[in-house]
file model-v3.csv (CSV, C-alpha atoms)
chain,number,residue,atom,x,y,z
A,1,MET,CA,-14.8,-38.0,34.2
A,2,SER,CA,-15.3,-40.6,31.4
A,3,TRP,CA,-13.6,-43.8,30.5
A,4,ASN,CA,-12.2,-45.3,27.3
A,5,ILE,CA,-12.2,-49.1,27.1
A,6,ILE,CA,-9.0,-50.9,26.1
A,7,LEU,CA,-9.1,-54.7,26.0
A,8,PHE,CA,-6.0,-57.0,26.2
A,9,GLY,CA,-5.9,-60.7,26.3
A,10,ASP,CA,-6.7,-64.1,24.6
A,11,SER,CA,-9.7,-65.4,22.7
A,12,ASP,CA,-12.0,-64.5,25.5
A,13,ILE,CA,-11.2,-60.9,24.7
A,14,SER,CA,-10.9,-61.1,20.9
A,15,ARG,CA,-14.3,-62.9,20.6
A,16,TRP,CA,-16.1,-60.5,23.0
A,17,PRO,CA,-19.0,-59.0,21.2
A,18,PRO,CA,-18.8,-55.2,21.4
A,19,SER,CA,-22.5,-55.1,22.3
A,20,ALA,CA,-21.6,-57.0,25.5
A,21,TYR,CA,-18.7,-54.8,26.6
A,22,PRO,CA,-18.9,-53.3,30.1
A,23,SER,CA,-21.1,-50.3,29.7
A,24,SER,CA,-22.0,-47.2,31.6
A,25,SER,CA,-23.1,-43.6,30.9
A,26,LYS,CA,-19.5,-42.6,31.8
A,27,ILE,CA,-17.9,-44.8,29.1
A,28,TRP,CA,-17.3,-43.5,25.6
A,29,PRO,CA,-18.8,-45.7,22.9
A,30,LYS,CA,-15.4,-46.4,21.2
A,31,ALA,CA,-13.3,-49.3,22.5
A,32,SER,CA,-10.0,-50.7,21.3
A,33,ASN,CA,-9.7,-54.5,21.4
A,34,TYR,CA,-6.2,-56.0,21.1
A,35,GLY,CA,-7.1,-59.5,22.1
A,36,GLU,CA,-5.7,-62.4,20.1
A,37,SER,CA,-6.7,-66.1,19.9
A,38,GLY,CA,-4.2,-68.3,21.7
A,39,ALA,CA,-2.5,-65.3,23.5
A,40,GLY,CA,-0.6,-65.8,26.7
A,41,LEU,CA,0.5,-63.1,29.2
A,42,THR,CA,3.7,-62.5,27.2
A,43,ASP,CA,1.6,-61.7,24.2
A,44,VAL,CA,-0.4,-59.3,26.4
A,45,LEU,CA,2.8,-57.3,27.0
A,46,HIS,CA,3.2,-57.0,23.2
A,47,GLN,CA,-0.4,-55.9,22.9
A,48,ILE,CA,0.2,-53.2,25.5
A,49,ASP,CA,3.3,-52.0,23.6
A,50,GLN,CA,1.2,-51.9,20.4
A,51,TRP,CA,-1.5,-49.8,22.1
A,52,LYS,CA,1.1,-47.4,23.5
A,53,LEU,CA,2.8,-46.9,20.1
A,54,GLN,CA,-0.6,-46.2,18.5
A,55,ILE,CA,-1.5,-43.7,21.1
A,56,GLU,CA,1.9,-41.9,20.7
A,57,ASP,CA,1.7,-41.7,16.9
A,58,GLY,CA,-2.0,-40.8,16.9
A,59,THR,CA,-3.3,-43.8,15.0
A,60,ASN,CA,-5.5,-44.8,17.9
A,61,ALA,CA,-6.6,-41.4,19.2
A,62,ILE,CA,-10.1,-41.5,20.7
A,63,GLU,CA,-12.0,-38.4,19.9
A,64,ASN,CA,-13.8,-36.5,22.7
A,65,ASP,CA,-16.0,-33.7,21.5
A,66,ASP,CA,-16.4,-32.3,25.1
A,67,ASP,CA,-13.2,-30.7,26.1
A,68,THR,CA,-14.6,-30.2,29.6
A,69,VAL,CA,-14.7,-33.9,30.3
A,70,ASN,CA,-11.5,-35.7,31.4
A,71,THR,CA,-11.1,-39.2,30.0
A,72,ASN,CA,-9.2,-42.1,31.5
A,73,ASN,CA,-8.5,-45.6,30.5
A,74,LEU,CA,-10.4,-48.7,31.7
A,75,PHE,CA,-8.2,-51.7,30.9
A,76,VAL,CA,-10.2,-54.9,30.5
A,77,CYS,CA,-7.9,-58.0,30.5
A,78,CYS,CA,-8.2,-61.7,30.5
A,79,ALA,CA,-5.2,-64.2,30.0
A,80,GLY,CA,-3.4,-67.0,31.7
A,81,GLU,CA,-5.3,-70.1,30.6
A,82,ASN,CA,-3.2,-70.5,27.5
A,83,ASP,CA,-0.1,-70.2,29.7
A,84,ILE,CA,-1.3,-73.1,31.7
A,85,GLY,CA,-2.0,-75.1,28.5
A,86,SER,CA,1.5,-74.4,27.2
A,87,GLY,CA,3.0,-76.0,30.3
A,88,ARG,CA,4.6,-72.9,31.8
A,89,SER,CA,5.4,-73.0,35.5
A,90,LEU,CA,3.1,-71.1,37.9
A,91,ASP,CA,6.1,-69.0,39.0
A,92,SER,CA,6.9,-68.0,35.4
A,93,ILE,CA,3.3,-67.1,34.7
A,94,LEU,CA,3.0,-65.0,37.8
A,95,GLU,CA,6.3,-63.2,37.0
A,96,THR,CA,4.8,-62.2,33.6
A,97,PHE,CA,1.5,-61.2,35.2
A,98,ARG,CA,3.3,-58.9,37.5
A,99,ALA,CA,5.1,-57.4,34.5
A,100,VAL,CA,1.7,-56.7,32.9
A,101,LEU,CA,0.5,-54.9,36.0
A,102,ASP,CA,3.7,-52.8,36.2
A,103,ASP,CA,3.4,-52.0,32.5
A,104,LEU,CA,-0.1,-50.6,32.9
A,105,PHE,CA,0.5,-49.1,36.4
A,106,PRO,CA,4.1,-48.2,36.6
A,107,ALA,CA,5.8,-47.3,39.9
A,108,ASN,CA,9.1,-45.7,38.8
A,109,ASP,CA,9.2,-42.0,37.9
A,110,ASP,CA,10.2,-42.3,34.2
A,111,SER,CA,7.4,-44.8,33.6
A,112,LYS,CA,4.9,-42.6,35.4
A,113,LYS,CA,5.7,-39.7,33.1
A,114,GLN,CA,5.0,-41.9,30.1
A,115,GLN,CA,1.8,-43.1,31.6
A,116,GLN,CA,0.6,-39.6,32.2
A,117,LEU,CA,1.0,-38.9,28.5
A,118,LEU,CA,-1.3,-41.8,27.8
A,119,SER,CA,-3.8,-40.9,30.5
A,120,PRO,CA,-3.3,-37.3,31.5
A,121,SER,CA,-5.4,-37.3,34.6
A,122,ASN,CA,-3.6,-40.5,35.7
A,123,GLU,CA,-6.8,-42.2,37.0
A,124,SER,CA,-6.7,-45.4,34.9
A,125,LYS,CA,-8.2,-48.5,36.2
A,126,MET,CA,-8.2,-52.2,35.3
A,127,ILE,CA,-10.6,-55.1,35.4
A,128,PHE,CA,-8.9,-58.5,35.2
A,129,PHE,CA,-11.0,-61.6,34.6
A,130,GLY,CA,-9.4,-64.7,36.1
A,131,PRO,CA,-9.3,-68.3,34.8
A,132,LYS,CA,-12.6,-70.2,34.7
A,133,PHE,CA,-13.6,-73.9,34.7
A,134,GLU,CA,-14.8,-74.8,31.2
A,135,PRO,CA,-16.7,-77.9,29.9
A,136,TRP,CA,-13.6,-79.4,28.3
A,137,LEU,CA,-11.9,-79.6,31.7
A,138,ALA,CA,-14.5,-81.9,33.2
A,139,ASP,CA,-12.2,-84.9,33.3
A,140,ASP,CA,-8.9,-83.0,33.6
A,141,ASN,CA,-8.5,-82.5,37.4
A,142,ALA,CA,-4.8,-81.8,37.1
A,143,SER,CA,-5.5,-78.7,34.9
A,144,ARG,CA,-8.4,-77.7,37.1
A,145,LYS,CA,-6.0,-77.6,40.1
A,146,ARG,CA,-3.5,-75.5,38.2
A,147,TYR,CA,-6.3,-73.1,37.2
A,148,ALA,CA,-7.2,-72.8,40.9
A,149,LYS,CA,-3.6,-72.1,41.9
A,150,LEU,CA,-3.2,-69.6,39.2
A,151,ASN,CA,-6.4,-67.9,40.3
A,152,ASN,CA,-5.0,-67.6,43.8
A,153,GLY,CA,-1.7,-66.3,42.5
A,154,PHE,CA,-3.3,-63.6,40.4
A,155,GLN,CA,-5.3,-62.4,43.4
A,156,ARG,CA,-2.2,-62.2,45.6
A,157,ALA,CA,-0.2,-60.4,42.9
A,158,ILE,CA,-2.9,-57.7,42.6
A,159,HIS,CA,-3.3,-57.5,46.4
A,160,ASN,CA,0.4,-56.9,46.8
A,161,HIS,CA,0.8,-54.3,44.0
A,162,PRO,CA,1.3,-50.7,45.1
A,163,MET,CA,-1.5,-49.6,42.9
A,164,SER,CA,-4.0,-52.3,43.8
A,165,ASP,CA,-6.7,-49.8,44.5
A,166,ARG,CA,-7.0,-49.2,40.8
A,167,MET,CA,-7.4,-52.9,40.0
A,168,LYS,CA,-10.5,-55.1,40.2
A,169,TYR,CA,-10.0,-58.9,40.0
A,170,ILE,CA,-13.0,-61.0,39.0
A,171,ASP,CA,-12.8,-64.5,40.4
A,172,CYS,CA,-14.3,-66.5,37.5
A,173,LEU,CA,-13.2,-70.0,38.6
A,174,THR,CA,-16.7,-71.3,39.3
A,175,LEU,CA,-18.6,-68.4,37.9
A,176,PHE,CA,-19.8,-70.4,34.9
A,177,CYS,CA,-20.5,-73.6,36.8
A,178,THR,CA,-23.8,-75.0,37.7
A,179,LYS,CA,-25.0,-73.5,41.0
A,180,ASP,CA,-25.4,-76.8,42.7
A,181,SER,CA,-21.9,-78.1,41.8
A,182,ALA,CA,-20.1,-74.8,42.6
A,183,THR,CA,-21.1,-75.0,46.2
A,184,LEU,CA,-20.3,-78.6,46.9
A,185,PRO,CA,-17.5,-79.6,49.3
A,186,GLY,CA,-14.5,-80.1,47.1
A,187,ALA,CA,-16.0,-78.0,44.3
A,188,ILE,CA,-12.6,-76.5,43.4
A,189,TYR,CA,-9.8,-78.9,44.3
A,190,GLY,CA,-12.0,-82.1,44.4
A,191,GLY,CA,-13.2,-81.8,40.8
A,192,LYS,CA,-16.9,-81.3,41.9
A,193,ALA,CA,-17.6,-78.0,40.3
A,194,MET,CA,-18.9,-78.6,36.7
A,195,ALA,CA,-19.1,-75.9,34.0
A,196,ASP,CA,-22.6,-75.2,32.7
A,197,ASN,CA,-22.8,-75.7,29.0
A,198,LYS,CA,-25.4,-72.9,28.6
A,199,TYR,CA,-22.6,-70.4,28.9
A,200,PHE,CA,-20.3,-71.9,26.3
A,201,ASP,CA,-20.1,-72.5,22.6
A,202,ALA,CA,-20.4,-76.1,21.3
A,203,ASP,CA,-16.6,-76.5,21.5
A,204,GLY,CA,-16.8,-76.5,25.3
A,205,LEU,CA,-14.0,-73.8,25.4
A,206,HIS,CA,-15.2,-70.4,24.4
A,207,LEU,CA,-18.0,-68.3,26.0
A,208,ASN,CA,-21.2,-67.7,24.0
A,209,ASP,CA,-23.3,-64.6,24.1
A,210,VAL,CA,-25.0,-65.8,27.4
A,211,GLY,CA,-21.6,-66.2,29.0
A,212,TYR,CA,-20.4,-62.7,27.9
A,213,CYS,CA,-23.6,-61.2,29.4
A,214,VAL,CA,-22.4,-62.5,32.7
A,215,TRP,CA,-19.2,-60.6,32.4
A,216,ARG,CA,-20.9,-57.5,31.2
call {"tool": "encode", "arguments": {"input": "model-v3.csv", "output": "structure tokens"}}
result
Amino acid sequence: MSWNIILFGDSDISRWPPSAYPSSSKIWPKASNYGESGAGLTDVLHQIDQWKLQIEDGTNAIENDDDTVNTNNLFVCCAGENDIGSGRSLDSILETFRAVLDDLFPANDDSKKQQQLLSPSNESKMIFFGPKFEPWLADDNASRKRYAKLNNGFQRAIHNHPMSDRMKYIDCLTLFCTKDSATLPGAIYGGKAMADNKYFDADGLHLNDVGYCVWR
């Protein structure tokens, strides 16, 4: 069994250096990155549609020289922060998130048949990276609280999905914070957890190579 990497999401995905993609001896070297700067979860649905169309028409066929090895899809996704920034309600964001999950892991019979065409052995899996505290949020406790609520909502949505066993959620909320501040009482809702600049570009928004190595 081997895995093809397909990446969907916002600038955290589009800027991800290929050299820092999740790696394993079971992962083929070719990956497809559909990430776009500024993308929200609705855009992720369009990215998934684009990937499906390219698979169906053969323009994104991934070669496998070993016919004896089955290949499946490892979806790597990150989105939601731009939805918060655009002012969407939490309920609306989570509704779109559930649509993303259903699009990648369909439950009804017709969708299952289509998914089997895209991944014949039907063993696809997903890694979803949740929202993270970033340096620019240091004085914006209102947005930090929304990030925290979205983080919890994402986890519940995956937990409640009928195919949750194929989904791995990475809680990134304080992953890039200083170790001391991340463990303080009130770290999340009290504004105590502070992002560590060593993981971010000078803009205080995007991950740098050090940050992406954490995700790898």
call {"tool": "closest_residue", "arguments": {"input": "model-v3.csv", "among": "A:Asp103, A:Asp49, A:Asp171, A:Glu81", "to": "Leu205 of chain A", "atoms": "only C-alpha atoms"}}
result
A:Glu81
call {"tool": "residues_around", "arguments": {"input": "model-v3.csv", "residues": "Tyr147 of chain A", "least_positions_apart": "6", "cutoff": "9 Å", "atoms": "all atoms listed in the file", "output": "CSV table (one decimal) with C-alpha atoms, in the frame of the given file"}}
result
chain,number,residue,atom,x,y,z
A,80,GLY,CA,-3.4,-67.0,31.7
A,81,GLU,CA,-5.3,-70.1,30.6
A,84,ILE,CA,-1.3,-73.1,31.7
A,131,PRO,CA,-9.3,-68.3,34.8
A,132,LYS,CA,-12.6,-70.2,34.7
A,133,PHE,CA,-13.6,-73.9,34.7
A,173,LEU,CA,-13.2,-70.0,38.6
call {"tool": "closest_residue", "arguments": {"input": "model-v3.csv", "among": "A:Leu101, A:Ala107, A:Met163, A:Leu175", "to": "Gly130 of chain A", "atoms": "all atoms listed in the file"}}
result
A:Leu175
call {"tool": "closest_residue", "arguments": {"input": "model-v3.csv", "among": "A:Phe200, A:Phe129, A:Phe154, A:Trp136", "to": "Ala99 of chain A", "atoms": "all atoms listed in the file"}}
result
A:Phe154
call {"tool": "closest_residue", "arguments": {"input": "model-v3.csv", "among": "A:Tyr199, A:Tyr34, A:Phe105, A:Trp16", "to": "Asp165 of chain A", "atoms": "all atoms listed in the file"}}
result
A:Phe105
call {"tool": "closest_residue", "arguments": {"input": "model-v3.csv", "among": "A:Gly186, A:Pro22, A:Gly153, A:Gly87", "to": "Phe75 of chain A", "atoms": "only C-alpha atoms"}}
result
A:Pro22
call {"tool": "residues_near_point", "arguments": {"input": "model-v3.csv", "point": "(-20.3, -71.4, 28.2)", "cutoff": "7 Å", "atoms": "only C-alpha atoms", "output": "VMD selection string"}}
result
chain A and resid 176 196 to 201 204 206 to 208 211
call {"tool": "closest_residue", "arguments": {"input": "model-v3.csv", "among": "A:Arg146, A:His161, A:Arg88, A:Arg15", "to": "Leu41 of chain A", "atoms": "all atoms listed in the file"}}
result
A:Arg88
call {"tool": "atom_distance", "arguments": {"input": "model-v3.csv", "atom1": "atom CA of Gly35 of chain A", "atom2": "atom CA of Ser11 of chain A"}}
result
6.5 Å
call {"tool": "residues_around", "arguments": {"input": "model-v3.csv", "residues": "Ser124 of chain A", "least_positions_apart": "5", "cutoff": "8 Å", "atoms": "only C-alpha atoms", "output": "JSON, numbers by chain"}}
result
{"A": [72, 73, 74, 75, 119, 166]}
call {"tool": "residues_around", "arguments": {"input": "model-v3.csv", "residues": "Asn82 of chain A", "least_positions_apart": "3", "cutoff": "7 Å", "atoms": "only C-alpha atoms", "output": "list in words"}}
result
Gly38, Ala39, Gly40, Gly85 and Ser86 of chain A
call {"tool": "atom_distance", "arguments": {"input": "model-v3.csv", "atom1": "atom CA of Leu53 of chain A", "atom2": "atom CA of Glu36 of chain A"}}
result
17.7 Å
call {"tool": "residues_around", "arguments": {"input": "model-v3.csv", "residues": "Lys179 of chain A", "least_positions_apart": "5", "cutoff": "10 Å", "atoms": "all atoms listed in the file", "output": "NGL selection string"}}
result
:A and (174 or 184 or 193-196)
